[in-house]
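Shown next: run.pdb, given as PDB, C-alpha atoms.
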ATOM      1  CA  MET G1068       0.850  46.213 -54.776
ATOM      2  CA  ASP G1069       0.213  49.939 -54.415
ATOM      3  CA  ALA G1070      -2.775  51.776 -55.917
ATOM      4  CA  LYS G1071      -0.847  52.897 -59.008
ATOM      5  CA  ALA G1072       0.441  49.385 -59.745
ATOM      6  CA  LEU G1073      -3.030  47.983 -59.116
ATOM      7  CA  SER G1074      -4.577  50.386 -61.627
ATOM      8  CA  GLN G1075      -1.928  49.442 -64.202
ATOM      9  CA  ALA G1076      -2.363  45.675 -63.848
ATOM     10  CA  PRO G1077      -3.867  43.925 -66.889
ATOM     11  CA  GLY G1078      -7.640  43.664 -66.925
ATOM     12  CA  ARG G1079      -7.432  39.886 -67.162
ATOM     13  CA  LEU G1080      -5.863  39.853 -63.719
ATOM     14  CA  HIS G1081      -8.524  42.132 -62.260
ATOM     15  CA  SER G1082     -11.234  39.761 -63.459
ATOM     16  CA  LEU G1083      -9.759  36.728 -61.667
ATOM     17  CA  PRO G1084     -11.127  36.220 -58.158
ATOM     18  CA  SER G1085      -8.019  34.181 -57.281
ATOM     19  CA  TRP G1086      -5.793  37.142 -58.201
ATOM     20  CA  GLN G1087      -7.995  39.519 -56.200
ATOM     21  CA  ILE G1088      -7.899  37.190 -53.191
ATOM     22  CA  THR G1089      -4.102  36.983 -53.404
ATOM     23  CA  GLN G1090      -3.723  40.768 -53.549
ATOM     24  CA  ILE G1091      -6.137  41.270 -50.651
ATOM     25  CA  ALA G1092      -4.464  38.504 -48.621
ATOM     26  CA  THR G1093      -1.065  40.141 -49.068
ATOM     27  CA  HIS G1094      -2.382  43.503 -47.866
ATOM     28  CA  ALA G1095      -4.465  41.979 -45.062
ATOM     29  CA  GLY G1096      -1.474  39.928 -43.921
ATOM     30  CA  ARG G1097       0.589  43.087 -43.477
ATOM     31  CA  VAL G1098      -2.224  44.862 -41.634
ATOM     32  CA  VAL G1099      -2.762  41.873 -39.318
ATOM     33  CA  SER G1100       0.969  41.434 -38.668
ATOM     34  CA  ASP G1101       1.261  45.107 -37.741
ATOM     35  CA  ALA G1102      -1.776  44.856 -35.457
ATOM     36  CA  LEU G1103      -0.354  41.790 -33.724
ATOM     37  CA  ALA G1104       3.044  43.438 -33.326
ATOM     38  CA  GLY G1105       1.239  46.354 -31.660
ATOM     39  CA  VAL G1106       0.176  44.008 -28.854
ATOM     40  CA  ASP G1107       3.502  42.139 -28.773
ATOM     41  CA  SER G1108       2.134  39.036 -30.458
ATOM     42  CA  ARG G1109       2.317  36.920 -33.622
ATOM     43  CA  ARG G1110      -0.138  34.834 -35.675
ATOM     44  CA  TYR G1111       0.907  31.577 -34.033
ATOM     45  CA  HIS G1112       0.408  33.098 -30.601
ATOM     46  CA  PHE G1113      -3.135  34.081 -31.484
ATOM     47  CA  ALA G1114      -3.968  30.675 -32.956
ATOM     48  CA  LEU G1115      -2.550  28.786 -29.974
ATOM     49  CA  LEU G1116      -4.171  30.975 -27.333
ATOM     50  CA  ALA G1117      -7.521  30.843 -29.156
ATOM     51  CA  ALA G1118      -7.380  27.049 -29.408
ATOM     52  CA  LEU G1119      -6.456  26.630 -25.751
ATOM     53  CA  GLU G1120      -9.238  28.933 -24.619
ATOM     54  CA  GLU G1121     -11.803  27.212 -26.826
ATOM     55  CA  PHE G1122     -10.783  23.565 -26.337
ATOM     56  CA  GLY G1123      -9.022  23.614 -22.962
ATOM     57  CA  PRO G1124      -5.621  22.057 -22.236
ATOM     58  CA  LEU G1125      -4.120  20.212 -25.193
ATOM     59  CA  SER G1126      -0.976  18.276 -25.948
ATOM     60  CA  GLN G1127       1.528  20.094 -28.117
ATOM     61  CA  ALA G1128       0.798  17.654 -30.950
ATOM     62  CA  GLU G1129      -2.973  18.160 -30.730
ATOM     63  CA  LEU G1130      -2.506  21.910 -30.481
ATOM     64  CA  GLY G1131      -0.510  21.854 -33.701
ATOM     65  CA  ARG G1132      -3.136  19.737 -35.466
ATOM     66  CA  ARG G1133      -6.009  21.957 -34.334
ATOM     67  CA  CYS G1134      -4.201  25.105 -35.471
ATOM     68  CA  GLY G1135      -2.668  23.689 -38.631
ATOM     69  CA  ILE G1136       0.809  24.552 -37.380
ATOM     70  CA  ASP G1137       3.780  22.292 -38.025
ATOM     71  CA  ARG G1138       5.140  20.773 -34.832
ATOM     72  CA  SER G1139       8.573  22.296 -35.447
ATOM     73  CA  TYR G1140       6.978  25.734 -34.992
ATOM     74  CA  ILE G1141       4.749  24.713 -32.087
ATOM     75  CA  VAL G1142       7.666  24.239 -29.701
ATOM     76  CA  GLU G1143       9.080  27.694 -30.441
ATOM     77  CA  ALA G1144       5.694  29.416 -30.150
ATOM     78  CA  VAL G1145       4.810  27.578 -26.921
ATOM     79  CA  ASN G1146       8.231  28.496 -25.515
ATOM     80  CA  GLU G1147       7.538  32.166 -26.291
ATOM     81  CA  LEU G1148       4.060  32.042 -24.738
ATOM     82  CA  GLU G1149       5.411  30.215 -21.691
ATOM     83  CA  ALA G1150       8.193  32.797 -21.239
ATOM     84  CA  ALA G1151       5.523  35.518 -21.338
ATOM     85  CA  GLY G1152       3.464  33.702 -18.700
ATOM     86  CA  GLN G1153       0.568  33.173 -21.100
ATOM     87  CA  VAL G1154       0.626  29.368 -21.028
ATOM     88  CA  VAL G1155       1.963  26.650 -18.768
ATOM     89  CA  ARG G1156       3.422  23.407 -19.982
ATOM     90  CA  ALA G1157       3.189  20.316 -17.805
ATOM     91  CA  THR G1158       3.938  16.656 -18.266
ATOM     92  CA  ASP G1159       0.759  14.720 -18.961
ATOM     93  CA  PRO G1160       0.279  12.369 -15.981
ATOM     94  CA  SER G1161      -1.323   9.727 -18.239
ATOM     95  CA  ASP G1162       1.595   9.789 -20.701
ATOM     96  CA  ARG G1163       4.871  11.146 -19.356
ATOM     97  CA  ARG G1164       6.222  11.539 -22.907
ATOM     98  CA  ARG G1165       3.597  14.145 -23.703
ATOM     99  CA  ASN G1166       3.346  17.784 -22.633
ATOM    100  CA  THR G1167      -0.019  19.393 -21.970
ATOM    101  CA  ILE G1168      -0.370  23.123 -22.605
ATOM    102  CA  THR G1169      -2.845  25.244 -20.633
ATOM    103  CA  VAL G1170      -3.671  28.921 -21.124
ATOM    104  CA  THR G1171      -3.162  31.153 -18.063
ATOM    105  CA  GLU G1172      -5.137  34.203 -16.928
ATOM    106  CA  ASP G1173      -2.403  36.352 -18.497
ATOM    107  CA  GLY G1174      -2.864  34.383 -21.721
ATOM    108  CA  VAL G1175      -6.613  35.019 -21.705
ATOM    109  CA  ALA G1176      -5.971  38.725 -21.094
ATOM    110  CA  GLN G1177      -3.498  38.764 -23.995
ATOM    111  CA  LEU G1178      -6.060  37.005 -26.182
ATOM    112  CA  ARG G1179      -8.540  39.824 -25.418
ATOM    113  CA  ARG G1180      -5.932  42.413 -26.460
ATOM    114  CA  ILE G1181      -5.285  40.451 -29.641
ATOM    115  CA  ASP G1182      -9.028  40.209 -30.348
ATOM    116  CA  THR G1183      -9.316  44.003 -30.102
ATOM    117  CA  ALA G1184      -6.287  44.570 -32.333
ATOM    118  CA  LEU G1185      -7.565  42.082 -34.914
ATOM    119  CA  ALA G1186     -11.041  43.642 -34.915
ATOM    120  CA  GLU G1187      -9.423  46.986 -35.738
ATOM    121  CA  ALA G1188      -7.338  45.329 -38.471
ATOM    122  CA  GLN G1189     -10.455  43.716 -39.964
ATOM    123  CA  ASP G1190     -12.182  47.103 -39.927
ATOM    124  CA  ALA G1191      -9.225  48.657 -41.748
ATOM    125  CA  VAL G1192      -9.141  45.979 -44.455
ATOM    126  CA  LEU G1193     -12.907  45.780 -44.913
ATOM    127  CA  ALA G1194     -13.652  49.509 -44.565
ATOM    128  CA  PRO G1195     -15.429  49.818 -47.928
ATOM    129  CA  LEU G1196     -17.997  47.158 -46.974
ATOM    130  CA  SER G1197     -21.140  47.469 -44.866
ATOM    131  CA  ALA G1198     -21.660  45.099 -41.935
ATOM    132  CA  ALA G1199     -24.040  42.989 -44.054
ATOM    133  CA  GLU G1200     -21.516  42.848 -46.895
ATOM    134  CA  ARG G1201     -18.782  41.799 -44.468
ATOM    135  CA  ASP G1202     -20.968  39.005 -43.147
ATOM    136  CA  ARG G1203     -21.765  37.850 -46.692
ATOM    137  CA  LEU G1204     -18.090  37.975 -47.717
ATOM    138  CA  THR G1205     -17.108  35.969 -44.634
ATOM    139  CA  ALA G1206     -19.754  33.348 -45.400
ATOM    140  CA  LEU G1207     -18.693  33.059 -49.045
ATOM    141  CA  LEU G1208     -15.003  32.835 -48.197
ATOM    142  CA  GLY G1209     -15.830  30.179 -45.607
ATOM    143  CA  ARG G1210     -17.542  28.087 -48.269
ATOM    144  CA  VAL G1211     -14.579  28.414 -50.628
ATOM    145  CA  LEU G1212     -12.170  27.580 -47.814
ATOM    146  CA  GLU G1213     -14.139  24.431 -46.928
ATOM    147  CA  HIS G1214     -14.132  23.416 -50.576
ATOM    148  CA  CYS G1215     -10.341  23.892 -50.782
ATOM    149  CA  ALA G1216      -9.890  21.853 -47.601
ATOM    150  CA  ASP G1217     -12.028  19.060 -49.079
ATOM    151  CA  LEU G1218      -9.864  19.033 -52.207
ATOM    152  CA  ARG G1219      -6.721  18.604 -50.091
ATOM    153  CA  GLY G1220      -8.309  15.635 -48.382
TER
END
What's the structure tokens form of this structure?
Amino acid sequence: MDAKALSQAPGRLHSLPSWQITQIATHAGRVVSDALAGVDSRRYHFALLAALEEFGPLSQAELGRRCGIDRSYIVEAVNELEAAGQVVRATDPSDRRRNTITVTEDGVAQLRRIDTALAEAQDAVLAPLSAAERDRLTALLGRVLEHCADLRG
């Protein structure tokens, strides 16, 4: 929604936090996608590389669970990261039916580039807020997100 359309939206919409969140998420999603494209990456790439750096080597199934990514998309994303030299896939010696994914040095370097691009994207989206306001917003959104996750079970 552009600024003109936003100003013409009914007041009832403006007063709904859920509507505001949706509008912000749509804009932020575009900004983040553009930032990721600028470093030749996608959302799934970021999530997978971040999980592998934080948790170490994981099976494809566990990687999908940790990142909340359906397993049908995991294979494609891992294939892309593997082709770029950012991860390696190996058969798990304890279970030959399972693949274990490990981030490479190139993957860690790409994750640093992504981190920088995403920090710039966050700055662009949250420009009107002070650092303290950004921290408060992040904390509040985290609480709402946890609540929504609890509701889903």
Quiz prompt | Who sits within 12 Å of Tyr1140 (chain G), all atoms listed in the file, same chain under 2 positions skipped, as a list in words | solution = Arg1110, Tyr1111, His1112, Leu1115, Gln1127, Ala1128, Leu1130, Gly1131, Arg1132, Cys1134, Gly1135, Ile1136, Asp1137, Arg1138, Val1142, Glu1143, Ala1144, Val1145, Asn1146 and Glu1147 of chain G
Export of the given selection (C-alpha atoms) as a PDB file, in the coordinates of the input:
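As written to disk, selection_29.pdb reads:
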ATOM      1  CA  ARG G1110      -0.138  34.834 -35.675  1.00  0.00           C
ATOM      2  CA  TYR G1111       0.907  31.577 -34.033  1.00  0.00           C
ATOM      3  CA  HIS G1112       0.408  33.098 -30.601  1.00  0.00           C
ATOM      4  CA  LEU G1115      -2.550  28.786 -29.974  1.00  0.00           C
ATOM      5  CA  GLN G1127       1.528  20.094 -28.117  1.00  0.00           C
ATOM      6  CA  ALA G1128       0.798  17.654 -30.950  1.00  0.00           C
ATOM      7  CA  LEU G1130      -2.506  21.910 -30.481  1.00  0.00           C
ATOM      8  CA  GLY G1131      -0.510  21.854 -33.701  1.00  0.00           C
ATOM      9  CA  ARG G1132      -3.136  19.737 -35.466  1.00  0.00           C
ATOM     10  CA  CYS G1134      -4.201  25.105 -35.471  1.00  0.00           C
ATOM     11  CA  GLY G1135      -2.668  23.689 -38.631  1.00  0.00           C
ATOM     12  CA  ILE G1136       0.809  24.552 -37.380  1.00  0.00           C
ATOM     13  CA  ASP G1137       3.780  22.292 -38.025  1.00  0.00           C
ATOM     14  CA  ARG G1138       5.140  20.773 -34.832  1.00  0.00           C
ATOM     15  CA  VAL G1142       7.666  24.239 -29.701  1.00  0.00           C
ATOM     16  CA  GLU G1143       9.080  27.694 -30.441  1.00  0.00           C
ATOM     17  CA  ALA G1144       5.694  29.416 -30.150  1.00  0.00           C
ATOM     18  CA  VAL G1145       4.810  27.578 -26.921  1.00  0.00           C
ATOM     19  CA  ASN G1146       8.231  28.496 -25.515  1.00  0.00           C
ATOM     20  CA  GLU G1147       7.538  32.166 -26.291  1.00  0.00           C
TER      21      GLU G1147
END
Exercise. Record the distance separating CA of Asp1159 (chain G) and CA of Pro1124 (chain G), expressed in Å with one decimal.
Key: 10.3 Å
Quiz item: If we count all atoms listed in the file, what is near region 1172-1177 of chain G at a cut-off of 9 Å, once residues fewer than 5 positions away on the same chain are taken out, given as a VMD selection string?
Solution: chain G and resid 1106 1108 1113 1116 to 1117 1120 1148 1151 to 1154 1182
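Among the candidates G:Leu1080, G:Ala1194, G:Ile1181, G:Ile1088, the one nearest to Leu1103 (chain G) when counting only C-alpha atoms is G:Ile1181.
The space separating CA of Thr1093 (chain G) from CA of Leu1119 (chain G) comes to 27.5 Å.
Interatomic distance, CA of Ala1102 (chain G) against CA of Ala1188 (chain G): 6.3 Å.
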Quiz prompt | Residues within 6 Å of Val1155 (chain G), only C-alpha atoms, excluding chain neighbours under 5 positions, as a PyMOL selection string | solution = chain G and resi 1149+1168-1169
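Shell of region 1204-1217 of chain G at 12 Å, with all atoms listed in the file counted and residues fewer than 6 places along the chain excluded, is Pro1084, Ser1085, Ile1088, Ala1092, Gly1135, Gln1189, Leu1193, Leu1196, Ser1197 and Ala1198 of chain G.
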Exercise. Find the residues around Val1099 (chain G) up to 10 Å (all atoms listed in the file counted), leave out those fewer than 6 positions away in its own chain, and share them as a PyMOL selection string.
Key: chain G and resi 1105+1109-1110+1184-1189+1191-1192
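For the set G:Leu1125, G:Ala1076, G:Ile1141, G:Ala1199, the residue with the smallest atom-to-atom gap to Asn1166 (chain G) is G:Leu1125, counting all atoms listed in the file.
Residue nearest His1094 (chain G) within the list G:Asp1107, G:Ala1070, G:Arg1179, G:Pro1160: G:Ala1070 [criterion: smallest interatomic distance, all atoms listed in the file].
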Enclose all atoms of region 1194-1202 of chain G listed in the file in an axis-aligned box, grow every side by 3 Å, and hand back centre and edge lengths in Å to one decimal, as AutoDock Vina command-line options.
--center_x -18.8 --center_y 44.4 --center_z -44.9 --size_x 16.4 --size_y 16.8 --size_z 12.0
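Counting all atoms listed in the file and comparing G:Arg1203, G:Arg1165, G:Ala1104, G:Asp1069, the residue that lies closest to Ile1091 (chain G) is G:Asp1069.
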